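my_file-v1.txt (compact mmCIF, C-alpha atoms and all ligand atoms) appears below.
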```
# COMPACT_ATOMS: atom_id res chain seq x y z
CA MET A 270 75.72 153.10 57.97
CA GLU A 271 74.26 153.83 61.35
CA ALA A 272 76.63 155.31 63.87
CA THR A 273 77.22 153.24 66.98
CA ILE A 274 78.07 154.67 70.33
CA GLU A 275 79.78 152.67 73.00
CA THR A 276 77.50 152.80 76.02
CA PRO A 277 78.89 152.49 79.51
CA ILE A 278 78.44 149.19 81.35
CA HIS A 279 75.63 149.35 83.87
CA GLU A 280 76.02 146.69 86.51
CA PHE A 281 74.73 147.47 89.96
CA PRO A 282 75.68 145.08 92.81
CA GLU A 283 73.34 144.16 95.66
CA PRO A 284 75.71 142.87 98.35
CA ASP A 285 74.71 140.42 101.06
CA GLY A 286 76.63 139.85 104.26
CA PRO A 287 76.85 142.22 107.18
CA ARG A 288 74.22 144.92 107.47
CA TYR A 289 75.34 148.34 108.56
CA ARG A 290 74.02 151.08 110.76
CA ILE A 291 74.12 153.99 108.30
CA THR A 292 74.47 157.58 109.51
CA VAL A 293 74.27 160.46 107.03
CA LEU A 294 76.97 162.94 108.03
CA ARG A 295 76.35 166.56 107.09
CA ALA A 296 79.86 167.85 106.52
CA GLY A 297 80.49 171.44 105.37
CA THR A 298 78.29 173.39 102.98
CA PHE A 299 79.53 175.31 99.94
CA ARG A 300 78.22 177.18 96.90
CA LEU A 301 78.80 176.64 93.18
CA ASP A 302 77.59 178.50 90.12
CA GLY A 303 74.02 177.40 89.33
CA GLY A 304 74.68 177.35 85.58
CA GLY A 305 77.66 175.06 86.15
CA MET A 306 75.53 172.75 88.28
CA PHE A 307 72.67 172.42 85.78
CA GLY A 308 74.44 172.43 82.41
CA LEU A 309 71.85 172.50 79.65
CA ILE A 310 68.93 173.50 81.86
CA PRO A 311 68.16 177.22 81.42
CA LYS A 312 68.27 179.47 84.45
CA SER A 313 64.56 180.21 84.09
CA MET A 314 64.00 176.56 85.06
CA TRP A 315 66.73 175.81 87.60
CA SER A 316 66.32 179.06 89.53
CA ALA A 317 62.74 178.04 90.26
CA TRP A 318 64.03 174.77 91.75
CA THR A 319 66.82 176.28 93.82
CA PRO A 320 67.41 180.02 94.28
CA ALA A 321 70.68 181.64 93.19
CA ASP A 322 72.52 184.21 95.31
CA ALA A 323 73.83 187.58 94.03
CA GLU A 324 76.85 185.77 92.54
CA ASN A 325 74.61 183.22 90.73
CA ARG A 326 75.66 180.47 93.15
CA ILE A 327 73.41 177.81 94.71
CA GLY A 328 73.75 176.21 98.14
CA LEU A 329 75.15 172.68 98.28
CA ALA A 330 76.06 170.15 100.95
CA THR A 331 78.90 167.66 101.21
CA ASN A 332 77.05 164.65 102.59
CA CYS A 333 79.07 161.62 103.69
CA LEU A 334 78.11 158.25 105.22
CA LEU A 335 79.31 156.50 108.34
CA LEU A 336 78.80 152.71 108.13
CA GLU A 337 79.04 150.63 111.34
CA ASP A 338 78.51 146.88 111.66
CA GLY A 339 79.64 146.53 115.28
CA THR A 340 83.28 145.78 114.47
CA ARG A 341 84.15 148.00 111.54
CA ARG A 342 83.72 151.74 110.91
CA VAL A 343 83.65 152.82 107.28
CA LEU A 344 83.47 156.40 106.03
CA VAL A 345 82.07 157.09 102.55
CA GLU A 346 83.44 160.40 101.16
CA THR A 347 85.45 163.02 103.04
CA GLY A 348 84.22 166.41 101.77
CA TYR A 349 86.49 169.37 101.09
CA GLY A 350 88.53 169.34 104.30
CA ASP A 351 90.21 172.43 105.76
CA LYS A 352 93.33 173.15 103.68
CA TRP A 353 91.91 176.28 102.03
CA SER A 354 93.05 179.90 101.78
CA PRO A 355 90.62 182.71 102.68
CA LYS A 356 90.35 183.55 98.95
CA GLU A 357 89.39 179.97 98.01
CA ARG A 358 86.92 179.85 100.90
CA ALA A 359 85.26 183.01 99.61
CA ILE A 360 84.96 181.78 95.99
CA TYR A 361 83.11 178.61 97.03
CA ALA A 362 81.62 179.90 100.32
CA LEU A 363 83.29 176.94 102.07
CA ALA A 364 81.93 176.60 105.61
CA GLU A 365 84.39 176.24 108.51
CA ARG A 366 83.19 172.68 109.08
CA THR A 367 84.51 169.33 107.92
CA VAL A 368 83.52 165.67 108.08
CA VAL A 369 85.71 165.38 111.19
CA ASP A 370 83.33 167.79 113.00
CA SER A 371 80.30 165.73 111.98
CA LEU A 372 82.03 162.47 113.00
CA ARG A 373 82.89 163.91 116.44
CA GLU A 374 79.25 164.93 116.89
CA VAL A 375 78.36 161.23 116.75
CA GLY A 376 81.26 160.27 119.02
CA VAL A 377 83.71 158.97 116.41
CA GLU A 378 87.34 160.15 116.25
CA PRO A 379 89.28 160.05 112.93
CA GLU A 380 91.59 157.34 114.38
CA ALA A 381 88.56 155.02 114.73
CA ILE A 382 87.88 154.90 110.98
CA ASP A 383 89.03 151.57 109.48
CA ASP A 384 88.23 152.23 105.82
CA VAL A 385 87.33 155.19 103.63
CA VAL A 386 85.54 154.74 100.30
CA VAL A 387 85.76 157.76 97.99
CA THR A 388 83.55 157.88 94.90
CA HIS A 389 86.03 159.99 92.95
CA LEU A 390 88.88 162.38 93.73
CA HIS A 391 87.52 165.85 92.95
CA PHE A 392 88.31 168.34 95.72
CA ASP A 393 84.83 168.37 97.27
CA HIS A 394 85.02 164.57 97.81
CA ALA A 395 88.69 163.83 98.47
CA ALA A 396 90.38 166.94 99.86
CA GLY A 397 89.21 165.82 103.32
CA LEU A 398 91.50 162.76 103.06
CA THR A 399 94.34 164.98 104.28
CA ARG A 400 94.75 167.81 106.78
CA LEU A 401 97.61 170.12 107.70
CA ASP A 402 99.77 169.14 110.67
CA ALA A 403 101.34 171.61 113.15
CA ARG A 404 104.14 172.40 110.67
CA GLY A 405 101.68 173.04 107.85
CA ASP A 406 102.41 169.81 105.95
CA PRO A 407 99.51 167.69 104.60
CA VAL A 408 99.08 164.36 106.44
CA PRO A 409 96.36 161.66 106.33
CA THR A 410 93.23 162.74 108.24
CA PHE A 411 92.31 159.11 108.99
CA PRO A 412 95.69 157.63 109.98
CA ARG A 413 94.60 153.97 110.22
CA ALA A 414 92.26 153.84 107.22
CA ARG A 415 92.66 152.15 103.87
CA ILE A 416 91.30 154.32 101.05
CA HIS A 417 89.19 152.56 98.41
CA VAL A 418 88.96 154.07 94.92
CA GLN A 419 88.76 152.87 91.30
CA ARG A 420 92.13 152.43 89.61
CA ARG A 421 90.91 154.48 86.66
CA GLU A 422 90.05 157.43 88.91
CA TRP A 423 93.39 157.25 90.72
CA ASP A 424 95.33 157.19 87.43
CA ASP A 425 93.31 160.09 86.00
CA ALA A 426 93.80 162.12 89.19
CA LEU A 427 97.58 161.63 89.24
CA ALA A 428 97.72 162.61 85.54
CA ASN A 429 95.32 165.56 86.20
CA ARG A 430 93.01 164.43 83.38
CA SER A 431 90.15 166.85 83.99
CA THR A 432 88.66 169.98 82.49
CA MET A 433 88.99 171.38 86.02
CA THR A 434 92.72 171.92 86.36
CA ARG A 435 92.64 172.58 90.12
CA THR A 436 90.55 169.76 91.47
CA TYR A 437 93.00 166.81 91.54
CA LEU A 438 95.61 168.30 93.88
CA ALA A 439 98.82 166.61 95.02
CA SER A 440 98.25 167.83 98.60
CA HIS A 441 95.09 165.68 98.72
CA LEU A 442 96.60 162.59 97.14
CA GLY A 443 100.34 162.43 97.90
CA PRO A 444 100.10 161.77 101.66
CA ILE A 445 97.64 158.85 101.21
CA ARG A 446 99.51 157.16 98.36
CA GLU A 447 100.64 154.24 100.53
CA ARG A 448 97.15 153.68 101.93
CA VAL A 449 95.18 153.31 98.70
CA ALA A 450 93.40 150.10 97.63
CA LEU A 451 92.66 150.27 93.91
CA HIS A 452 89.58 148.49 92.52
CA GLU A 453 88.67 147.70 88.94
CA GLY A 454 85.00 147.66 87.98
CA VAL A 455 82.33 146.10 90.20
CA ALA A 456 83.98 144.95 93.42
CA GLN A 457 83.19 143.94 96.97
CA VAL A 458 85.59 146.21 98.82
CA LEU A 459 84.65 145.04 102.33
CA PRO A 460 82.19 142.48 103.70
CA GLY A 461 78.75 143.84 102.73
CA VAL A 462 80.10 146.91 100.92
CA ALA A 463 80.25 146.90 97.11
CA VAL A 464 81.25 149.52 94.56
CA ALA A 465 80.40 149.85 90.88
CA PRO A 466 81.54 152.27 88.19
CA LEU A 467 79.05 155.07 87.45
CA VAL A 468 80.68 156.45 84.33
CA GLY A 469 79.93 160.00 83.20
CA HIS A 470 80.92 162.57 85.82
CA THR A 471 84.41 161.10 85.53
CA TRP A 472 85.68 157.97 83.76
CA GLY A 473 86.42 156.33 87.10
CA GLN A 474 83.63 157.46 89.43
CA GLN A 475 82.14 154.67 91.56
CA GLY A 476 78.88 154.36 93.50
CA VAL A 477 78.68 152.62 96.90
CA PHE A 478 76.12 149.87 97.62
CA VAL A 479 75.40 148.64 101.19
CA ARG A 480 72.48 147.16 103.17
CA ASP A 481 71.08 149.01 106.17
CA ALA A 482 69.95 147.32 109.39
CA SER A 483 66.48 146.61 107.92
CA GLY A 484 67.98 144.93 104.84
CA THR A 485 67.15 147.78 102.46
CA LEU A 486 69.83 148.47 99.90
CA THR A 487 71.24 151.97 100.34
CA VAL A 488 73.15 153.43 97.42
CA PHE A 489 75.39 156.49 97.32
CA PRO A 490 75.44 157.52 93.64
CA ALA A 491 77.78 160.51 94.12
CA ASP A 492 77.87 163.05 91.30
CA LEU A 493 75.82 160.85 88.97
CA MET A 494 72.95 162.81 90.52
CA PRO A 495 74.12 165.34 93.15
CA THR A 496 70.76 166.82 94.26
CA VAL A 497 67.07 165.93 94.03
CA HIS A 498 66.84 168.26 91.02
CA HIS A 499 69.33 166.17 89.04
CA ALA A 500 66.96 163.24 88.48
CA HIS A 501 65.99 165.19 85.35
CA LEU A 502 67.88 163.36 82.59
CA ALA A 503 68.98 166.61 80.89
CA ALA A 504 70.44 167.96 84.14
CA SER A 505 74.10 167.41 83.41
CA MET A 506 76.82 169.46 85.07
CA ALA A 507 79.49 171.58 83.41
CA TYR A 508 81.85 169.52 85.60
CA ASP A 509 80.87 166.20 83.92
CA MET A 510 83.65 164.80 81.75
CA LEU A 511 81.16 162.69 79.72
CA PRO A 512 77.67 164.25 79.92
CA TYR A 513 76.03 161.85 77.47
CA ASP A 514 77.41 158.81 79.28
CA ASN A 515 76.25 160.33 82.55
CA MET A 516 72.71 160.59 81.18
CA LEU A 517 72.71 156.95 80.01
CA THR A 518 74.11 155.75 83.34
CA LYS A 519 71.56 157.82 85.25
CA ARG A 520 68.66 156.45 83.20
CA SER A 521 69.51 152.81 83.84
CA PHE A 522 70.46 153.50 87.46
CA LEU A 523 67.14 155.23 88.22
CA ALA A 524 65.11 152.47 86.54
CA LYS A 525 66.89 149.82 88.64
CA ALA A 526 66.54 151.87 91.83
CA ALA A 527 62.78 152.25 91.27
CA ASP A 528 62.28 148.55 90.47
CA ARG A 529 64.35 147.34 93.44
CA GLY A 530 63.19 149.85 96.05
CA TRP A 531 66.63 151.22 96.87
CA THR A 532 67.19 154.12 99.25
CA LEU A 533 69.55 156.72 97.79
CA VAL A 534 71.68 159.25 99.67
CA LEU A 535 72.53 162.23 97.45
CA ASP A 536 75.95 163.77 98.00
CA HIS A 537 75.32 167.49 97.44
CA GLU A 538 71.62 167.70 98.35
CA PRO A 539 71.30 170.47 100.97
CA ASN A 540 67.79 169.67 102.26
CA THR A 541 66.64 166.05 101.87
CA PRO A 542 69.57 163.76 101.01
CA ARG A 543 67.72 160.45 101.65
CA VAL A 544 65.32 159.66 98.81
CA ARG A 545 63.37 156.81 97.26
CA VAL A 546 62.86 156.48 93.51
CA THR A 547 59.41 156.03 91.95
CA ARG A 548 58.17 155.92 88.36
CA ASP A 549 56.42 159.06 87.15
CA PRO A 550 52.73 158.01 86.87
CA ARG A 551 52.32 160.40 83.90
CA ASP A 552 55.37 159.07 82.02
CA ALA A 553 56.73 155.60 82.89
CA SER A 554 60.09 156.35 81.24
CA ARG A 555 60.75 159.04 83.86
CA CYS A 556 61.56 158.67 87.53
CA LEU A 557 60.79 160.89 90.50
CA LEU A 558 62.69 161.24 93.76
CA GLU A 559 60.64 161.16 96.92
CA PRO A 560 62.32 162.52 100.09
CA LEU A 561 62.55 160.15 103.08
CA ALA A 562 62.69 161.29 106.69
ZN ZN B 1 81.03 166.78 93.77
```
If you took the structure in this file and wrote it as structure tokens, what would it be?
Amino acid sequence: MEATIETPIHEFPEPDGPRYRITVLRAGTFRLDGGGMFGLIPKSMWSAWTPADAENRIGLATNCLLLEDGTRRVLVETGYGDKWSPKERAIYALAERTVVDSLREVGVEPEAIDDVVVTHLHFDHAAGLTRLDARGDPVPTFPRARIHVQRREWDDALANRSTMTRTYLASHLGPIRERVALHEGVAQVLPGVAVAPLVGHTWGQQGVFVRDASGTLTVFPADLMPTVHHAHLAASMAYDMLPYDNMLTKRSFLAKAADRGWTLVLDHEPNTPRVRVTRDPRDASRCLLEPLA
């Protein structure tokens, strides 16, 4: 009998409704082990794509989005925040810069954010949801915002279901408990802003789908594909809970993105986070990422 494997559901929403002015926010940079970031790909290949430092780490960004439709301000992702010890900062080369710095550079204070959509709750995406107050206690960074996340991700984070035991931390999640809106599967979380599960990196990771001012669909696929070098189907990460599912999700996502002309913004891409997807002319089953200005 042939074995059957349950494949993840691939449903990618294309919301209508309000169009948003989309600003890519370059929050802090950090560094992770290159082997961890490329999984099965040997170092002889990945080090030619992106150079490793003396500690075998590669440079990464924490890119976030600011969405504005004239009445509402929505933040997608929050980066790693600033609640880190000097030792933790050294391990990951965490820059002294957060999404709050990049928001202020475009004239937006944290109090002006109405909604925050987080793709998943690993530290480099969700630690920025809280900051330390004058007494050293963690409090919400965006005091007025509702936080949108998949129910599955929230449950897994509270239960610390991860191979990384120190990524779902109570100091990131406890203070925002009352402000969370939990979504199940494909959902319109706000007018013109939709989310859909992108299963693989975690069970409950979601991508964000929104139209820009010109009507082009912009998609934030999070850690489905963190840099331009992760379009390669074998480029899984050691941090993926379900690497095979991630590959299947990535394959159908890339095919749809190429066919529909989506713009993608890649979360950890340090150089060219905005990309377009095209079919490889030498091999139609493969896709290429083309940087946009
Ligand atoms: Zn990440």
Within 10 Å of ligand ZN 1 (chain B), counting all atoms listed in the file, residues as JSON, numbers by chain: {"A": [306, 329, 330, 331, 332, 348, 349, 388, 389, 390, 391, 392, 393, 394, 395, 470, 491, 492, 493, 494, 495, 508, 509, 536, 537]}
Closest of A:Glu365, A:Glu559, A:Glu447, A:Glu280 to Thr541 in chain A - atom-to-atom distances counting only C-alpha atoms: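 The closest residue to Thr541 in chain A is A:Glu559.
Residues within 7 Å of Gly305 in chain A, counting all atoms listed in the file and excluding same-chain residues fewer than 3 positions away, are A:Asp302, A:Gly308, A:Met506, A:Ala507, A:Tyr508.
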Atom pair CA of Ala450 in chain A / CA of Gln475 in chain A: separation (Å): 13.6 Å
Atom-to-atom span, CA of Arg555 in chain A and CA of Lys519 in chain A, Å: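 Answer for the CA of Arg555 in chain A to CA of Lys519 in chain A separation: 11.0 Å.
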For range 464-501 of chain A versus range 420-429 of chain A, which residues have an atom no more than 9 Å away, and what is each residue's nearest atom pair and distance in Å rounded to one decimal, using all atoms listed in the file, chain-then-number order, as a Markdown table?
```
| residue | atom | partner | partner_atom | distance |
| --- | --- | --- | --- | --- |
| A:Thr471 | CA | A:Glu422 | CA | 7.5 |
| A:Trp472 | CA | A:Glu422 | CA | 6.8 |
| A:Gly473 | CA | A:Glu422 | CA | 4.2 |
| A:Gln474 | CA | A:Glu422 | CA | 6.4 |
| A:Gln475 | CA | A:Glu422 | CA | 8.8 |
```
Keeping only C-alpha atoms, take the residues you just selected and write them out as a PDB file, in the frame of the given file.
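Okay, again-v9.pdb is ready:
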```
ATOM      1  CA  THR A 471      84.410 161.100  85.530  1.00  0.00           C
ATOM      2  CA  TRP A 472      85.680 157.970  83.760  1.00  0.00           C
ATOM      3  CA  GLY A 473      86.420 156.330  87.100  1.00  0.00           C
ATOM      4  CA  GLN A 474      83.630 157.460  89.430  1.00  0.00           C
ATOM      5  CA  GLN A 475      82.140 154.670  91.560  1.00  0.00           C
TER       6      GLN A 475
END
```
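The shortest atom-to-atom distance to Thr496 in chain A, with all atoms listed in the file taken into account, belongs to A:Trp318 out of A:Ile360, A:Gly454, A:Trp318, A:Asn325.
Note that CA of Leu467 in chain A and CA of Arg435 in chain A are 22.3 Å apart.
Each of A:Leu502, A:Leu558, A:Glu453, A:Pro412 was compared to Met516 in chain A using only C-alpha atoms, and A:Leu502 turns out to be the nearest.
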Among the residues A:Val408, A:Val368, A:Leu486, A:Val386, the one that comes closest to His452 in chain A [using only C-alpha atoms]: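 Nearest candidate to His452 in chain A out of A:Val408, A:Val368, A:Leu486, A:Val386: A:Val386.
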Please provide as an mmCIF file with C-alpha atoms, in the frame of the given file all residues within 10 Å of Met510 in chain A, with the sequence filter that same-chain residues fewer than 5 positions apart are discarded (counting all atoms listed in the file).
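This went into result30.cif:
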```cif
data_model
loop_
_atom_site.group_PDB
_atom_site.id
_atom_site.type_symbol
_atom_site.label_atom_id
_atom_site.label_comp_id
_atom_site.auth_asym_id
_atom_site.auth_seq_id
_atom_site.Cartn_x
_atom_site.Cartn_y
_atom_site.Cartn_z
ATOM 1 C CA ARG A 430 93.010 164.430 83.380
ATOM 2 C CA SER A 431 90.150 166.850 83.990
ATOM 3 C CA THR A 432 88.660 169.980 82.490
ATOM 4 C CA MET A 433 88.990 171.380 86.020
ATOM 5 C CA VAL A 468 80.680 156.450 84.330
ATOM 6 C CA GLY A 469 79.930 160.000 83.200
ATOM 7 C CA HIS A 470 80.920 162.570 85.820
ATOM 8 C CA THR A 471 84.410 161.100 85.530
ATOM 9 C CA TRP A 472 85.680 157.970 83.760
ATOM 10 C CA ASN A 515 76.250 160.330 82.550
#
```
Residue nearest Leu523 in chain A - candidates A:Leu511, A:Arg543, A:Leu557, A:Asp370, atoms counted: all atoms listed in the file: A:Leu557
Best match for closeness to Ala456 in chain A among A:Thr485, A:Gln419, A:Ser371, A:Thr518, counting only C-alpha atoms: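 For Ala456 in chain A, the nearest of the given residues is A:Gln419.
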Shell of 6 Å around Ile327 in chain A, all atoms listed in the file, local chain residues under 6 positions omitted, as a list in words: Arg300, Leu301, Gly303 and Ala321 of chain A
Polymer residues at most 10 Å from Pro409 in chain A, all atoms listed in the file, same-chain spacing of 3 or more positions, as a PyMOL selection string: chain A and resi 379+397-402+412-414+441-446+448
Got a sec to write range 328-342 of chain A of the block to a file, C-alpha atoms, as a short mmCIF file (atom, residue, chain, number, x, y, z; two decimals), in the first residue's frame?
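Result saved to part_9.cif:
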```cif
data_model
loop_
_atom_site.label_atom_id
_atom_site.label_comp_id
_atom_site.auth_asym_id
_atom_site.auth_seq_id
_atom_site.Cartn_x
_atom_site.Cartn_y
_atom_site.Cartn_z
CA GLY A 328 23.65 38.91 8.87
CA LEU A 329 19.86 39.15 9.04
CA ALA A 330 17.25 41.89 9.28
CA THR A 331 13.97 42.10 11.16
CA ASN A 332 11.78 43.76 8.55
CA CYS A 333 8.29 44.89 9.54
CA LEU A 334 5.47 46.65 7.66
CA LEU A 335 3.52 49.78 8.46
CA LEU A 336 0.10 49.80 6.73
CA GLU A 337 -1.84 53.10 6.54
CA ASP A 338 -5.19 53.66 4.84
CA GLY A 339 -5.80 57.21 6.07
CA THR A 340 -7.72 56.21 9.19
CA ARG A 341 -6.00 53.11 10.50
CA ARG A 342 -2.35 52.31 11.27
#
```
